[in-house]
>>> print(open('my_file.cif').read())   # mmCIF, C-alpha atoms and all ligand atoms
data_final
#
loop_
_atom_site.label_atom_id
_atom_site.label_comp_id
_atom_site.auth_asym_id
_atom_site.auth_seq_id
_atom_site.Cartn_x
_atom_site.Cartn_y
_atom_site.Cartn_z
CA MET A 359 0.00 0.00 0.00
CA ILE A 360 1.40 3.38 -1.01
CA LEU A 361 0.05 6.36 0.91
CA VAL A 362 0.99 9.98 0.36
CA ILE A 363 0.77 12.55 3.15
CA MET A 364 0.71 16.11 1.85
CA GLY A 365 0.48 19.55 3.37
CA PRO A 366 2.36 22.84 3.65
CA PRO A 367 5.56 23.02 5.73
CA GLY A 368 4.66 22.77 9.40
CA ALA A 369 1.34 21.02 8.74
CA GLY A 370 2.52 18.06 10.79
CA LYS A 371 3.07 15.70 7.85
CA GLY A 372 6.15 14.13 9.39
CA THR A 373 4.57 13.54 12.78
CA GLN A 374 1.38 12.05 11.35
CA ALA A 375 3.28 9.95 8.80
CA SER A 376 5.48 8.50 11.50
CA ARG A 377 2.48 7.55 13.64
CA LEU A 378 0.73 6.03 10.68
CA ALA A 379 3.87 4.05 9.83
CA ALA A 380 3.95 2.59 13.35
CA GLU A 381 0.24 1.80 13.18
CA LEU A 382 0.32 0.13 9.75
CA GLY A 383 3.76 -1.49 10.02
CA ILE A 384 5.09 0.04 6.79
CA PRO A 385 8.00 2.50 6.63
CA GLN A 386 7.72 6.28 6.51
CA VAL A 387 9.72 7.64 3.60
CA SER A 388 10.44 11.36 3.91
CA THR A 389 12.34 13.07 1.10
CA GLY A 390 13.23 15.93 3.48
CA GLU A 391 14.79 13.37 5.82
CA LEU A 392 16.57 11.53 2.96
CA LEU A 393 18.01 14.87 1.86
CA ARG A 394 19.09 15.81 5.40
CA GLU A 395 20.80 12.41 5.69
CA ALA A 396 22.62 13.10 2.42
CA ARG A 397 23.75 16.42 3.91
CA ARG A 398 24.97 14.79 7.11
CA ASP A 399 26.93 12.25 5.05
CA GLY A 400 28.63 15.16 3.33
CA SER A 401 27.87 13.62 -0.09
CA GLU A 402 27.99 15.81 -3.18
CA VAL A 403 24.25 15.39 -3.72
CA GLY A 404 23.68 16.49 -0.13
CA GLN A 405 25.90 19.53 -0.44
CA ARG A 406 24.16 20.70 -3.58
CA ALA A 407 20.70 20.08 -2.09
CA ALA A 408 21.66 22.11 0.98
CA ILE A 409 21.70 25.31 -1.05
CA ASN A 410 18.06 24.86 -2.12
CA MET A 411 16.93 23.62 1.27
CA ASP A 412 18.36 26.53 3.22
CA ALA A 413 16.87 28.98 0.74
CA GLY A 414 13.44 27.35 1.03
CA THR A 415 13.32 26.36 -2.64
CA LEU A 416 12.89 22.86 -4.03
CA VAL A 417 15.71 20.47 -4.79
CA PRO A 418 15.65 19.52 -8.51
CA ASP A 419 13.16 16.78 -9.43
CA GLU A 420 15.89 14.45 -10.82
CA VAL A 421 17.75 14.45 -7.53
CA VAL A 422 14.65 13.66 -5.52
CA MET A 423 13.42 11.02 -7.99
CA THR A 424 16.75 9.17 -7.78
CA LEU A 425 16.67 9.19 -3.98
CA ILE A 426 13.07 8.00 -3.78
CA GLU A 427 13.47 5.29 -6.41
CA ARG A 428 16.45 3.82 -4.55
CA ARG A 429 14.59 4.00 -1.25
CA LEU A 430 11.42 2.32 -2.55
CA GLU A 431 13.50 -0.53 -3.99
CA GLN A 432 14.72 -1.45 -0.53
CA GLN A 433 13.29 -4.57 1.01
CA ASP A 434 11.40 -2.93 3.86
CA CYS A 435 9.22 -1.10 1.31
CA GLY A 436 8.08 -4.43 -0.14
CA SER A 437 4.58 -4.14 1.29
CA GLY A 438 4.32 -0.39 0.88
CA ALA A 439 5.39 2.97 2.24
CA ILE A 440 4.04 6.23 3.59
CA LEU A 441 5.44 9.06 1.51
CA ASP A 442 5.99 12.29 3.41
CA GLY A 443 7.00 15.48 1.61
CA PHE A 444 6.87 13.79 -1.78
CA PRO A 445 5.64 14.32 -4.49
CA ARG A 446 6.01 18.09 -4.30
CA THR A 447 5.59 18.96 -7.99
CA VAL A 448 3.22 17.64 -10.65
CA ALA A 449 6.26 16.32 -12.54
CA GLN A 450 7.25 14.27 -9.47
CA ALA A 451 3.69 12.93 -9.13
CA VAL A 452 3.60 11.84 -12.79
CA GLN A 453 7.02 10.19 -12.52
CA LEU A 454 5.97 8.45 -9.32
CA ASP A 455 2.90 6.99 -11.03
CA ASP A 456 5.09 5.75 -13.92
CA MET A 457 7.65 4.28 -11.56
CA LEU A 458 5.04 2.47 -9.45
CA GLU A 459 3.23 1.19 -12.51
CA ARG A 460 6.42 -0.50 -13.71
CA SER A 461 6.42 -2.59 -10.53
CA GLY A 462 2.68 -3.21 -10.57
CA ARG A 463 1.96 -0.74 -7.79
CA GLN A 464 0.06 2.52 -7.44
CA VAL A 465 -0.63 5.41 -5.09
CA ASP A 466 -3.59 4.11 -3.11
CA ARG A 467 -4.56 7.17 -1.13
CA VAL A 468 -3.47 10.78 -0.65
CA VAL A 469 -4.20 12.63 2.58
CA SER A 470 -3.75 16.39 2.57
CA ILE A 471 -3.40 18.15 5.93
CA SER A 472 -4.40 21.81 5.96
CA VAL A 473 -3.48 24.50 8.49
CA THR A 474 -3.63 28.29 8.53
CA GLU A 475 -0.56 30.35 7.68
CA ASP A 476 -0.33 31.85 11.19
CA GLU A 477 -0.28 28.43 12.77
CA ILE A 478 2.35 27.25 10.29
CA VAL A 479 4.72 30.08 11.18
CA GLU A 480 4.18 29.56 14.92
CA ARG A 481 4.85 25.84 14.63
CA ILE A 482 7.92 26.13 12.44
CA LEU A 483 9.66 28.90 14.34
CA GLY A 484 9.27 26.89 17.57
CA ARG A 485 10.36 23.64 15.99
CA LEU A 486 13.48 21.86 17.28
CA THR A 487 14.97 18.90 15.46
CA CYS A 488 17.45 16.29 16.66
CA GLY A 489 20.61 16.50 14.55
CA GLN A 490 21.30 12.83 15.14
CA CYS A 491 18.00 10.95 14.68
CA GLY A 492 15.68 13.57 13.19
CA ALA A 493 13.11 13.50 16.04
CA VAL A 494 11.00 16.66 16.16
CA TYR A 495 10.11 18.79 19.21
CA HIS A 496 8.61 22.23 19.85
CA ARG A 497 9.96 24.85 22.27
CA THR A 498 6.61 25.31 24.02
CA THR A 499 4.17 22.61 22.93
CA LYS A 500 6.56 19.62 22.97
CA PRO A 501 9.80 20.44 24.80
CA THR A 502 12.53 17.86 25.36
CA ALA A 503 12.82 16.45 28.90
CA ARG A 504 16.44 17.63 29.16
CA GLU A 505 17.02 21.01 27.59
CA GLY A 506 18.88 20.81 24.30
CA HIS A 507 18.97 17.01 24.17
CA CYS A 508 16.82 14.49 22.32
CA ASP A 509 14.59 12.28 24.50
CA LEU A 510 15.16 9.34 22.17
CA CYS A 511 18.89 9.34 21.47
CA GLY A 512 20.43 12.11 23.58
CA GLY A 513 21.67 13.94 20.47
CA LEU A 514 21.69 17.73 20.29
CA VAL A 515 18.44 19.39 19.26
CA SER A 516 18.38 22.70 17.45
CA SER A 517 16.40 24.73 14.99
CA ARG A 518 16.70 23.33 11.46
CA SER A 519 18.82 25.57 9.21
CA ASP A 520 15.76 26.21 7.01
CA ASP A 521 13.37 26.95 9.89
CA ASN A 522 13.89 30.73 9.88
CA GLU A 523 11.31 33.34 8.94
CA GLU A 524 12.80 34.17 5.55
CA ALA A 525 13.06 30.54 4.37
CA VAL A 526 9.60 29.72 5.77
CA ARG A 527 8.02 32.50 3.74
CA ILE A 528 9.67 31.17 0.59
CA ARG A 529 8.68 27.57 1.41
CA LEU A 530 5.05 28.64 1.78
CA GLN A 531 5.20 30.40 -1.56
CA THR A 532 6.86 27.39 -3.17
CA TYR A 533 4.09 25.25 -1.72
CA SER A 534 1.28 27.29 -3.22
CA ASN A 535 3.00 27.67 -6.59
CA LEU A 536 4.38 24.19 -7.17
CA THR A 537 2.89 21.75 -4.66
CA ALA A 538 -0.77 22.81 -4.40
CA PRO A 539 -1.28 21.82 -8.09
CA VAL A 540 -0.35 18.25 -7.08
CA LEU A 541 -3.59 18.20 -5.04
CA ASP A 542 -5.57 18.88 -8.22
CA TYR A 543 -3.65 16.11 -9.96
CA TYR A 544 -4.68 13.57 -7.31
CA GLY A 545 -8.13 15.09 -6.79
CA GLY A 546 -8.95 14.50 -10.43
CA ALA A 547 -8.11 10.83 -10.10
CA GLY A 548 -10.30 10.54 -6.98
CA ARG A 549 -7.49 9.51 -4.66
CA LEU A 550 -7.49 12.56 -2.40
CA ALA A 551 -8.88 13.18 1.10
CA SER A 552 -8.38 16.47 2.97
CA VAL A 553 -8.23 16.77 6.73
CA ASP A 554 -8.14 19.72 9.10
CA GLY A 555 -4.66 19.89 10.68
CA SER A 556 -5.52 22.28 13.52
CA GLY A 557 -5.54 21.15 17.14
CA GLY A 558 -3.61 18.47 18.99
CA LEU A 559 -1.65 15.58 17.51
CA ASP A 560 -4.15 12.92 18.62
CA GLU A 561 -7.05 14.85 17.25
CA VAL A 562 -5.37 15.22 13.86
CA PHE A 563 -4.30 11.57 13.86
CA ASN A 564 -7.92 10.49 14.36
CA ARG A 565 -8.94 12.60 11.38
CA VAL A 566 -6.14 11.12 9.25
CA GLN A 567 -7.18 7.59 10.14
CA GLY A 568 -10.77 8.46 9.38
CA ALA A 569 -9.72 9.63 5.93
CA LEU A 570 -8.05 6.35 4.98
P1 LIG B 601 8.90 21.05 5.36
O1 LIG B 601 7.71 20.27 4.88
O2 LIG B 601 8.77 21.55 6.75
O3 LIG B 601 9.29 22.15 4.40
P2 LIG B 601 10.71 18.83 4.58
O4 LIG B 601 11.60 18.10 5.49
O5 LIG B 601 9.60 18.08 3.94
O6 LIG B 601 10.16 20.08 5.42
O7 LIG B 601 11.57 19.51 3.39
C1 LIG B 601 12.68 20.34 3.65
C2 LIG B 601 13.30 20.83 2.34
O8 LIG B 601 13.81 19.70 1.60
C3 LIG B 601 12.34 21.51 1.36
O9 LIG B 601 12.18 22.88 1.63
C4 LIG B 601 13.05 21.26 0.02
O10 LIG B 601 14.12 22.14 -0.18
C5 LIG B 601 13.62 19.87 0.20
N1 LIG B 601 12.68 18.81 -0.29
C6 LIG B 601 12.05 17.88 0.49
N2 LIG B 601 11.27 17.09 -0.26
C7 LIG B 601 11.39 17.52 -1.55
C8 LIG B 601 10.83 17.13 -2.79
N3 LIG B 601 9.95 16.11 -2.88
N4 LIG B 601 11.19 17.82 -3.90
C9 LIG B 601 12.06 18.83 -3.85
N5 LIG B 601 12.62 19.27 -2.71
C10 LIG B 601 12.30 18.62 -1.56
ZN ZN B 602 17.54 11.99 18.55
#
>>> encode(input="my_file.cif", output="structure tokens", more="lines below")
Ligand code: ADP
Ligand code: ZN
Amino acid sequence: MILVIMGPPGAGKGTQASRLAAELGIPQVSTGELLREARRDGSEVGQRAAINMDAGTLVPDEVVMTLIERRLEQQDCGSGAILDGFPRTVAQAVQLDDMLERSGRQVDRVVSISVTEDEIVERILGRLTCGQCGAVYHRTTKPTAREGHCDLCGGLVSSRSDDNEEAVRIRLQTYSNLTAPVLDYYGGAGRLASVDGSGGLDEVFNRVQGAL
């Protein structure tokens, strides 16, 4: 089963996708996380992607398609995956359909999480991310138990390099220009469900489950 979780930056895609992955027993595949891993590795792909990421613009489709194709070929994706942060352009969505079709698979369901712009900015500017395992916290709504350290692995938590006001504004613009059209692409094919992303994590998770 291939599920796609969509939504603007800060909508809670990553959090909801990770819960869903635990619930359904299939891996969460986040292109943002794959790209951050490539950066941490210091690979050339990662270093080039870093420039786009920090500016709040998209990494080129070819780069992302290569990463996702390799990831979906791995054994743990044999019975499916929850895609988080991908596809982000109509071209990526079309290429994903082609790629899945070649292996007799398809996108089964797309869930779009919507939140207001004010809430997005509040969430993102308070967001703290573990540099070691990628776990996500929030300064006020979900602080770490020990200040500055991840509850899960003890790694250092900090604000992501693209979680500043300037980059957030550009990411929101990028979302409405390039990613929102992907919703129309899936809506036309009748695969799309939209859920309200406001409120607490449990509340939103119930809505996501209801939409599947
Ligand atoms: P957010 O949803 O909060 O913006 P992500 O972790 O999903 O965070 O993405 C962070 C950055 O990684 C994006 O701003 C973009 O530069 C890059 N990125 C992630 N996924 C894609 C994708 N599918 N296509 C192009 N760029 C991507
Ligand atoms: Zn951690």
>>> closest_atom_pairs(input="my_file.cif", of="chain A", to="ligand ZN 602 (chain B)", cutoff="10 Å", atoms="all atoms listed in the file", output="Markdown table")
| residue | atom | partner | partner_atom | distance |
| --- | --- | --- | --- | --- |
| A:Thr487 | CA | B:ZN602 | ZN | 8.0 |
| A:Cys488 | CA | B:ZN602 | ZN | 4.7 |
| A:Gly489 | CA | B:ZN602 | ZN | 6.8 |
| A:Gln490 | CA | B:ZN602 | ZN | 5.1 |
| A:Cys491 | CA | B:ZN602 | ZN | 4.0 |
| A:Gly492 | CA | B:ZN602 | ZN | 5.9 |
| A:Ala493 | CA | B:ZN602 | ZN | 5.3 |
| A:Val494 | CA | B:ZN602 | ZN | 8.4 |
| A:His507 | CA | B:ZN602 | ZN | 7.7 |
| A:Cys508 | CA | B:ZN602 | ZN | 4.6 |
| A:Asp509 | CA | B:ZN602 | ZN | 6.6 |
| A:Leu510 | CA | B:ZN602 | ZN | 5.1 |
| A:Cys511 | CA | B:ZN602 | ZN | 4.2 |
| A:Gly512 | CA | B:ZN602 | ZN | 5.8 |
| A:Gly513 | CA | B:ZN602 | ZN | 5.0 |
| A:Leu514 | CA | B:ZN602 | ZN | 7.3 |
| A:Val515 | CA | B:ZN602 | ZN | 7.5 |
>>> atom_distance(input="my_file.cif", atom1="CA of Arg394 (chain A)", atom2="CA of Glu381 (chain A)")
24.7 Å
>>> closest_atom_pairs(input="my_file.cif", of="chain A", to="ligand LIG 601 (chain B)", cutoff="6 Å", atoms="all atoms listed in the file", output="JSON lines")
{"residue": "A:Pro367", "atom": "CA", "partner": "B:LIG601", "partner_atom": "O1", "distance": 3.6}
{"residue": "A:Gly368", "atom": "CA", "partner": "B:LIG601", "partner_atom": "O2", "distance": 5.0}
{"residue": "A:Thr389", "atom": "CA", "partner": "B:LIG601", "partner_atom": "N2", "distance": 4.4}
{"residue": "A:Gly390", "atom": "CA", "partner": "B:LIG601", "partner_atom": "O4", "distance": 3.4}
{"residue": "A:Glu391", "atom": "CA", "partner": "B:LIG601", "partner_atom": "O4", "distance": 5.7}
{"residue": "A:Asn410", "atom": "CA", "partner": "B:LIG601", "partner_atom": "O10", "distance": 5.2}
{"residue": "A:Met411", "atom": "CA", "partner": "B:LIG601", "partner_atom": "O10", "distance": 3.5}
{"residue": "A:Gly414", "atom": "CA", "partner": "B:LIG601", "partner_atom": "O9", "distance": 4.7}
{"residue": "A:Thr415", "atom": "CA", "partner": "B:LIG601", "partner_atom": "O10", "distance": 4.9}
{"residue": "A:Leu416", "atom": "CA", "partner": "B:LIG601", "partner_atom": "N5", "distance": 3.8}
{"residue": "A:Val417", "atom": "CA", "partner": "B:LIG601", "partner_atom": "N5", "distance": 3.9}
{"residue": "A:Pro418", "atom": "CA", "partner": "B:LIG601", "partner_atom": "C9", "distance": 5.9}
{"residue": "A:Asp419", "atom": "CA", "partner": "B:LIG601", "partner_atom": "N4", "distance": 6.0}
{"residue": "A:Val422", "atom": "CA", "partner": "B:LIG601", "partner_atom": "N4", "distance": 5.6}
{"residue": "A:Gly443", "atom": "CA", "partner": "B:LIG601", "partner_atom": "O5", "distance": 4.4}
{"residue": "A:Phe444", "atom": "CA", "partner": "B:LIG601", "partner_atom": "N3", "distance": 4.0}
{"residue": "A:Pro445", "atom": "CA", "partner": "B:LIG601", "partner_atom": "N3", "distance": 4.9}
{"residue": "A:Arg446", "atom": "CA", "partner": "B:LIG601", "partner_atom": "N3", "distance": 4.6}
{"residue": "A:Arg529", "atom": "CA", "partner": "B:LIG601", "partner_atom": "O9", "distance": 5.9}
>>> closest_atom_pairs(input="my_file.cif", of="region 380-474 of chain A", to="region 542-548 of chain A", cutoff="10 Å", atoms="all atoms listed in the file", output="Markdown table")
| residue | atom | partner | partner_atom | distance |
| --- | --- | --- | --- | --- |
| A:Thr447 | CA | A:Tyr543 | CA | 9.9 |
| A:Val448 | CA | A:Tyr543 | CA | 7.1 |
| A:Ala451 | CA | A:Tyr543 | CA | 8.0 |
| A:Val452 | CA | A:Tyr543 | CA | 8.9 |
| A:Val465 | CA | A:Tyr544 | CA | 9.4 |
| A:Arg467 | CA | A:Gly548 | CA | 8.9 |
| A:Val468 | CA | A:Tyr544 | CA | 7.3 |
| A:Val469 | CA | A:Tyr544 | CA | 9.9 |
>>> write_last_selection(input="my_file.cif", atoms="C-alpha atoms", output="short mmCIF file (atom, residue, chain, number, x, y, z; two decimals), in the frame of the given file")
data_model
loop_
_atom_site.label_atom_id
_atom_site.label_comp_id
_atom_site.auth_asym_id
_atom_site.auth_seq_id
_atom_site.Cartn_x
_atom_site.Cartn_y
_atom_site.Cartn_z
CA THR A 447 5.59 18.96 -7.99
CA VAL A 448 3.22 17.64 -10.65
CA ALA A 451 3.69 12.93 -9.13
CA VAL A 452 3.60 11.84 -12.79
CA VAL A 465 -0.63 5.41 -5.09
CA ARG A 467 -4.56 7.17 -1.13
CA VAL A 468 -3.47 10.78 -0.65
CA VAL A 469 -4.20 12.63 2.58
#
>>> axis_aligned_box(input="my_file.cif", around="region 509-522 of chain A", padding_each_side="8 Å", output="lines of an AutoDock Vina configuration file")
center_x = 17.5
center_y = 20.0
center_z = 15.8
size_x = 24.3
size_y = 37.4
size_z = 33.5
>>> atom_distance(input="my_file.cif", atom1="CA of Gln386 (chain A)", atom2="CA of Pro501 (chain A)")
23.2 Å
>>> residues_around(input="my_file.cif", residues="Gln405 (chain A)", least_positions_apart="4", cutoff="12 Å", atoms="all atoms listed in the file", output="PDB file with C-alpha atoms, in the coordinates of the input")
ATOM      1  CA  LEU A 393      18.010  14.870   1.860  1.00  0.00           C
ATOM      2  CA  ARG A 394      19.090  15.810   5.400  1.00  0.00           C
ATOM      3  CA  GLU A 395      20.800  12.410   5.690  1.00  0.00           C
ATOM      4  CA  ALA A 396      22.620  13.100   2.420  1.00  0.00           C
ATOM      5  CA  ARG A 397      23.750  16.420   3.910  1.00  0.00           C
ATOM      6  CA  ARG A 398      24.970  14.790   7.110  1.00  0.00           C
ATOM      7  CA  ASP A 399      26.930  12.250   5.050  1.00  0.00           C
ATOM      8  CA  GLY A 400      28.630  15.160   3.330  1.00  0.00           C
ATOM      9  CA  SER A 401      27.870  13.620  -0.090  1.00  0.00           C
ATOM     10  CA  ILE A 409      21.700  25.310  -1.050  1.00  0.00           C
ATOM     11  CA  ASN A 410      18.060  24.860  -2.120  1.00  0.00           C
ATOM     12  CA  MET A 411      16.930  23.620   1.270  1.00  0.00           C
ATOM     13  CA  ASP A 412      18.360  26.530   3.220  1.00  0.00           C
ATOM     14  CA  VAL A 417      15.710  20.470  -4.790  1.00  0.00           C
ATOM     15  CA  VAL A 421      17.750  14.450  -7.530  1.00  0.00           C
TER      16      VAL A 421
END
>>> residues_near_point(input="my_file.cif", point="(5.1, -2.9, -0.9)", cutoff="12 Å", atoms="all atoms listed in the file", output="JSON, numbers by chain")
{"A": [359, 360, 361, 383, 384, 385, 429, 430, 431, 432, 433, 434, 435, 436, 437, 438, 439, 440, 458, 461, 462, 463, 464, 465, 466]}
>>> atom_distance(input="my_file.cif", atom1="CA of Pro539 (chain A)", atom2="CA of Gln450 (chain A)")
11.5 Å
>>> closest_residue(input="my_file.cif", among="A:Glu505, A:Glu475, A:Glu459, A:Glu480", to="Asp521 (chain A)", atoms="all atoms listed in the file")
A:Glu480
